[in-house]
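Step one of this worksheet: look at the structure below.
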Amino acid sequence: MKYQQGLEKTKQYLKERSLPELEDIITATGLSKQKSTIILLKYARELQRWFIADEVHCAETKVSTKTTQALRKIRNYLVYTGKIAA
């Protein structure tokens, strides 16, 4: 089973954004500092999960969990603002 089901549009939207746009989205969604860092490292710098885990000082599995949580929150914001379709 795929853990991030329904988040494909959100991930694609984030991949197409510039760093300032990503920062605006993160600010608007109110993500924690750690989740913000994870999203920026993953989508702005396109780093691997193991490198992100080293940067934020947590386990790789925790990075995956926090990424999914952050993506769900970002998805809700993007759907609410009409930037992506539900």
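Chain lettering (A, B, ...) mirrors the order of the structure tokens, residue numbering begins at 1 for each chain separately, and ligand numbering begins at 1 in order of display.
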Exercise for the section: Write out as a ChimeraX atom specification each polymer residue whose atoms come within 12 Å of stretch 22-32 of chain A, counting only C-alpha atoms; drop sequence neighbours fewer than 6 positions from it. Expected result: /A:10-11,13-16,38-45,66-67,69-81,83
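Atom pair atom CA of A:Trp50 / atom CA of A:Thr65: separated by 13.3 Å.
Note that atom CA of A:Pro20 and atom CA of A:Lys35 are 16.6 Å apart.
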Completion exercise
What separates atom CA of A:Leu47 and atom CA of A:Gln5 is a distance of 21.2 Å
